[in-house]
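Shown next: structure.cif, given as mmCIF, C-alpha atoms.
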data_protein
#
loop_
_atom_site.group_PDB
_atom_site.id
_atom_site.type_symbol
_atom_site.label_atom_id
_atom_site.label_comp_id
_atom_site.auth_asym_id
_atom_site.auth_seq_id
_atom_site.Cartn_x
_atom_site.Cartn_y
_atom_site.Cartn_z
ATOM 1 C CA MET A 1 -90.905 0.933 -48.928
ATOM 2 C CA PRO A 2 -87.207 1.597 -49.611
ATOM 3 C CA GLU A 3 -86.054 5.188 -49.240
ATOM 4 C CA LEU A 4 -82.623 4.881 -50.864
ATOM 5 C CA THR A 5 -81.004 2.967 -53.668
ATOM 6 C CA LYS A 6 -77.978 0.814 -52.847
ATOM 7 C CA LYS A 7 -75.764 3.331 -54.651
ATOM 8 C CA GLN A 8 -77.152 6.242 -52.597
ATOM 9 C CA PHE A 9 -76.808 4.234 -49.396
ATOM 10 C CA ASP A 10 -73.203 3.280 -50.124
ATOM 11 C CA LEU A 11 -72.246 6.901 -50.800
ATOM 12 C CA ILE A 12 -73.878 8.150 -47.600
ATOM 13 C CA ALA A 13 -72.327 5.310 -45.560
ATOM 14 C CA LYS A 14 -68.907 6.351 -46.858
ATOM 15 C CA MET A 15 -69.551 10.041 -46.225
ATOM 16 C CA ILE A 16 -70.652 9.526 -42.614
ATOM 17 C CA GLN A 17 -68.113 6.750 -41.996
ATOM 18 C CA SER A 18 -70.814 4.381 -40.827
ATOM 19 C CA LYS A 19 -69.667 1.279 -38.938
ATOM 20 C CA GLU A 20 -71.184 -2.117 -38.256
ATOM 21 C CA PRO A 21 -73.675 -3.232 -37.041
ATOM 22 C CA PRO A 22 -75.648 0.061 -37.348
ATOM 23 C CA LYS A 23 -74.716 0.247 -41.042
ATOM 24 C CA SER A 24 -76.322 -3.134 -41.736
ATOM 25 C CA ALA A 25 -79.409 -2.212 -39.739
ATOM 26 C CA ALA A 26 -79.797 1.037 -41.677
ATOM 27 C CA TYR A 27 -79.358 -0.844 -44.949
ATOM 28 C CA LEU A 28 -82.159 -3.227 -44.038
ATOM 29 C CA VAL A 29 -84.539 -0.345 -43.301
ATOM 30 C CA LEU A 30 -83.554 2.220 -45.921
ATOM 31 C CA VAL A 31 -82.737 -0.010 -48.903
ATOM 32 C CA LYS A 32 -84.490 -3.309 -48.252
ATOM 33 C CA GLY A 33 -87.643 -1.776 -46.769
ATOM 34 C CA LYS A 34 -87.566 -3.880 -43.579
ATOM 35 C CA THR A 35 -89.168 -2.627 -40.386
ATOM 36 C CA ASN A 36 -87.093 -1.170 -37.577
ATOM 37 C CA ARG A 37 -88.040 -4.166 -35.438
ATOM 38 C CA GLU A 38 -86.782 -6.592 -38.101
ATOM 39 C CA ALA A 39 -83.509 -4.681 -38.484
ATOM 40 C CA MET A 40 -82.921 -4.590 -34.712
ATOM 41 C CA ALA A 41 -83.629 -8.318 -34.390
ATOM 42 C CA LYS A 42 -81.275 -9.191 -37.251
ATOM 43 C CA THR A 43 -78.384 -6.954 -36.139
ATOM 44 C CA GLY A 44 -78.842 -6.818 -32.368
ATOM 45 C CA ILE A 45 -78.650 -3.036 -32.094
ATOM 46 C CA SER A 46 -80.747 -1.011 -29.675
ATOM 47 C CA PRO A 47 -83.754 1.095 -30.677
ATOM 48 C CA GLN A 48 -81.808 4.264 -29.769
ATOM 49 C CA SER A 49 -78.827 3.257 -31.887
ATOM 50 C CA LEU A 50 -81.049 2.502 -34.871
ATOM 51 C CA SER A 51 -82.935 5.762 -34.460
ATOM 52 C CA ASN A 52 -79.689 7.742 -34.310
ATOM 53 C CA THR A 53 -78.262 5.923 -37.311
ATOM 54 C CA LEU A 54 -81.368 6.362 -39.458
ATOM 55 C CA GLY A 55 -81.424 10.051 -38.550
ATOM 56 C CA ARG A 56 -77.829 10.490 -39.705
ATOM 57 C CA TYR A 57 -78.530 8.780 -43.037
ATOM 58 C CA ARG A 58 -81.733 10.714 -43.650
ATOM 59 C CA ARG A 59 -80.217 14.098 -42.721
ATOM 60 C CA THR A 60 -77.239 13.464 -44.991
ATOM 61 C CA HIS A 61 -79.516 12.382 -47.837
ATOM 62 C CA LEU A 62 -81.609 15.542 -47.467
ATOM 63 C CA SER A 63 -78.458 17.695 -47.374
ATOM 64 C CA ILE A 64 -77.281 16.176 -50.647
ATOM 65 C CA LEU A 65 -80.672 16.757 -52.253
ATOM 66 C CA ALA A 66 -80.736 20.353 -51.005
ATOM 67 C CA ALA A 67 -77.253 21.012 -52.364
ATOM 68 C CA TYR A 68 -78.498 20.055 -55.812
ATOM 69 C CA GLU A 69 -81.919 21.570 -55.215
ATOM 70 C CA ILE A 70 -83.631 18.259 -55.869
ATOM 71 C CA SER A 71 -86.909 17.534 -54.122
ATOM 72 C CA ASP A 72 -87.420 14.031 -52.767
#

Please express what this file holds, its structure, as structure tokens.
Amino acid sequence: MPELTKKQFDLIAKMIQSKEPPKSAAYLVLVKGKTNREAMAKTGISPQSLSNTLGRYRRTHLSILAAYEISD
């Protein structure tokens, strides 16, 4: 199930200055709802890189929500 909209994803990617290919892998997981395995296979990134990237996106998303006191 997708966690972010494309608009949310694009804003976070800009804020954290995300680069390729981790950005594409994160997009597949967070917006398209693909599995981590599918995203790694499609982009060729390592499990550690994907884990780190997803953590950065999720932490940033939660920080934005907290700043506006919005629960997810």

Within 12 Å of A:Met15, counting only C-alpha atoms, which residues show up once you throw out same-chain ones fewer than 2 positions away? Write them as a short mmCIF file (atom, residue, chain, number, x, y, z; two decimals) with C-alpha atoms, in the coordinates of the input, please.
data_model
loop_
_atom_site.label_atom_id
_atom_site.label_comp_id
_atom_site.auth_asym_id
_atom_site.auth_seq_id
_atom_site.Cartn_x
_atom_site.Cartn_y
_atom_site.Cartn_z
CA GLN A 8 -77.15 6.24 -52.60
CA PHE A 9 -76.81 4.23 -49.40
CA ASP A 10 -73.20 3.28 -50.12
CA LEU A 11 -72.25 6.90 -50.80
CA ILE A 12 -73.88 8.15 -47.60
CA ALA A 13 -72.33 5.31 -45.56
CA GLN A 17 -68.11 6.75 -42.00
CA SER A 18 -70.81 4.38 -40.83
CA LYS A 19 -69.67 1.28 -38.94
CA ARG A 56 -77.83 10.49 -39.70
CA TYR A 57 -78.53 8.78 -43.04
CA ARG A 59 -80.22 14.10 -42.72
CA THR A 60 -77.24 13.46 -44.99
CA HIS A 61 -79.52 12.38 -47.84
CA SER A 63 -78.46 17.70 -47.37
CA ILE A 64 -77.28 16.18 -50.65
#

Using the chain letters and numbering of this document, enumerate as a JSON list (two decimals) with C-alpha atoms, in the frame of the given file the residues selected by the PyMOL selection byres ((chain A and resi 37-53) around 8).
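Listing of expr_9.json after writing:
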[["chain", "number", "residue", "atom", "x", "y", "z"],
["A", 21, "PRO", "CA", -73.68, -3.23, -37.04],
["A", 22, "PRO", "CA", -75.65, 0.06, -37.35],
["A", 23, "LYS", "CA", -74.72, 0.25, -41.04],
["A", 24, "SER", "CA", -76.32, -3.13, -41.74],
["A", 25, "ALA", "CA", -79.41, -2.21, -39.74],
["A", 26, "ALA", "CA", -79.80, 1.04, -41.68],
["A", 28, "LEU", "CA", -82.16, -3.23, -44.04],
["A", 29, "VAL", "CA", -84.54, -0.34, -43.30],
["A", 34, "LYS", "CA", -87.57, -3.88, -43.58],
["A", 35, "THR", "CA", -89.17, -2.63, -40.39],
["A", 36, "ASN", "CA", -87.09, -1.17, -37.58],
["A", 54, "LEU", "CA", -81.37, 6.36, -39.46],
["A", 55, "GLY", "CA", -81.42, 10.05, -38.55],
["A", 56, "ARG", "CA", -77.83, 10.49, -39.70],
["A", 57, "TYR", "CA", -78.53, 8.78, -43.04]]

Grab all the atoms of stretch 35-54 of chain A that the file lists, wrap them in a box along x, y and z, add 6 Å per side, and give me centre plus edge lengths in Å (one decimal) as lines of an AutoDock Vina configuration file.
center_x = -83.7
center_y = -0.7
center_z = -35.0
size_x = 22.9
size_y = 28.9
size_z = 22.7

Legend entry - Atom pair atom CA of A:Arg58 / atom CA of A:Glu3: separation (Å): 9.0 Å

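Interatomic distance, atom CA of A:Pro2 against atom CA of A:Leu65: 16.7 Å.
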
What would stretch 18-31 of chain A look like with N, CA and C atoms restored, written as a PDB file, in the frame of the given file?
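And here is the file that came out, result_27.pdb:
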ATOM      1  N   SER A  18     -69.959   5.278 -41.590  1.00  0.00           N
ATOM      2  CA  SER A  18     -70.814   4.381 -40.827  1.00  0.00           C
ATOM      3  C   SER A  18     -70.105   3.060 -40.564  1.00  0.00           C
ATOM      4  N   LYS A  19     -70.288   2.535 -39.368  1.00  0.00           N
ATOM      5  CA  LYS A  19     -69.667   1.279 -38.938  1.00  0.00           C
ATOM      6  C   LYS A  19     -70.739   0.224 -38.690  1.00  0.00           C
ATOM      7  N   GLU A  20     -70.283  -1.002 -38.559  1.00  0.00           N
ATOM      8  CA  GLU A  20     -71.184  -2.117 -38.256  1.00  0.00           C
ATOM      9  C   GLU A  20     -71.403  -2.229 -36.750  1.00  0.00           C
ATOM     10  N   PRO A  21     -72.528  -2.716 -36.304  1.00  0.00           N
ATOM     11  CA  PRO A  21     -73.675  -3.232 -37.041  1.00  0.00           C
ATOM     12  C   PRO A  21     -74.731  -2.183 -37.414  1.00  0.00           C
ATOM     13  N   PRO A  22     -74.613  -0.910 -36.955  1.00  0.00           N
ATOM     14  CA  PRO A  22     -75.648   0.061 -37.348  1.00  0.00           C
ATOM     15  C   PRO A  22     -75.780   0.234 -38.863  1.00  0.00           C
ATOM     16  N   LYS A  23     -74.671   0.105 -39.581  1.00  0.00           N
ATOM     17  CA  LYS A  23     -74.716   0.247 -41.042  1.00  0.00           C
ATOM     18  C   LYS A  23     -75.627  -0.817 -41.654  1.00  0.00           C
ATOM     19  N   SER A  24     -75.477  -2.052 -41.210  1.00  0.00           N
ATOM     20  CA  SER A  24     -76.322  -3.134 -41.736  1.00  0.00           C
ATOM     21  C   SER A  24     -77.782  -2.936 -41.367  1.00  0.00           C
ATOM     22  N   ALA A  25     -78.028  -2.461 -40.168  1.00  0.00           N
ATOM     23  CA  ALA A  25     -79.409  -2.212 -39.739  1.00  0.00           C
ATOM     24  C   ALA A  25     -80.035  -1.115 -40.596  1.00  0.00           C
ATOM     25  N   ALA A  26     -79.294  -0.052 -40.834  1.00  0.00           N
ATOM     26  CA  ALA A  26     -79.797   1.037 -41.677  1.00  0.00           C
ATOM     27  C   ALA A  26     -80.056   0.551 -43.096  1.00  0.00           C
ATOM     28  N   TYR A  27     -79.182  -0.291 -43.611  1.00  0.00           N
ATOM     29  CA  TYR A  27     -79.358  -0.844 -44.949  1.00  0.00           C
ATOM     30  C   TYR A  27     -80.669  -1.623 -45.047  1.00  0.00           C
ATOM     31  N   LEU A  28     -80.924  -2.434 -44.038  1.00  0.00           N
ATOM     32  CA  LEU A  28     -82.159  -3.227 -44.038  1.00  0.00           C
ATOM     33  C   LEU A  28     -83.398  -2.342 -44.082  1.00  0.00           C
ATOM     34  N   VAL A  29     -83.380  -1.247 -43.347  1.00  0.00           N
ATOM     35  CA  VAL A  29     -84.539  -0.345 -43.301  1.00  0.00           C
ATOM     36  C   VAL A  29     -84.622   0.531 -44.548  1.00  0.00           C
ATOM     37  N   LEU A  30     -83.523   1.192 -44.873  1.00  0.00           N
ATOM     38  CA  LEU A  30     -83.554   2.220 -45.921  1.00  0.00           C
ATOM     39  C   LEU A  30     -83.504   1.683 -47.348  1.00  0.00           C
ATOM     40  N   VAL A  31     -82.864   0.547 -47.548  1.00  0.00           N
ATOM     41  CA  VAL A  31     -82.737  -0.010 -48.903  1.00  0.00           C
ATOM     42  C   VAL A  31     -83.647  -1.214 -49.107  1.00  0.00           C
TER      43      VAL A  31
END
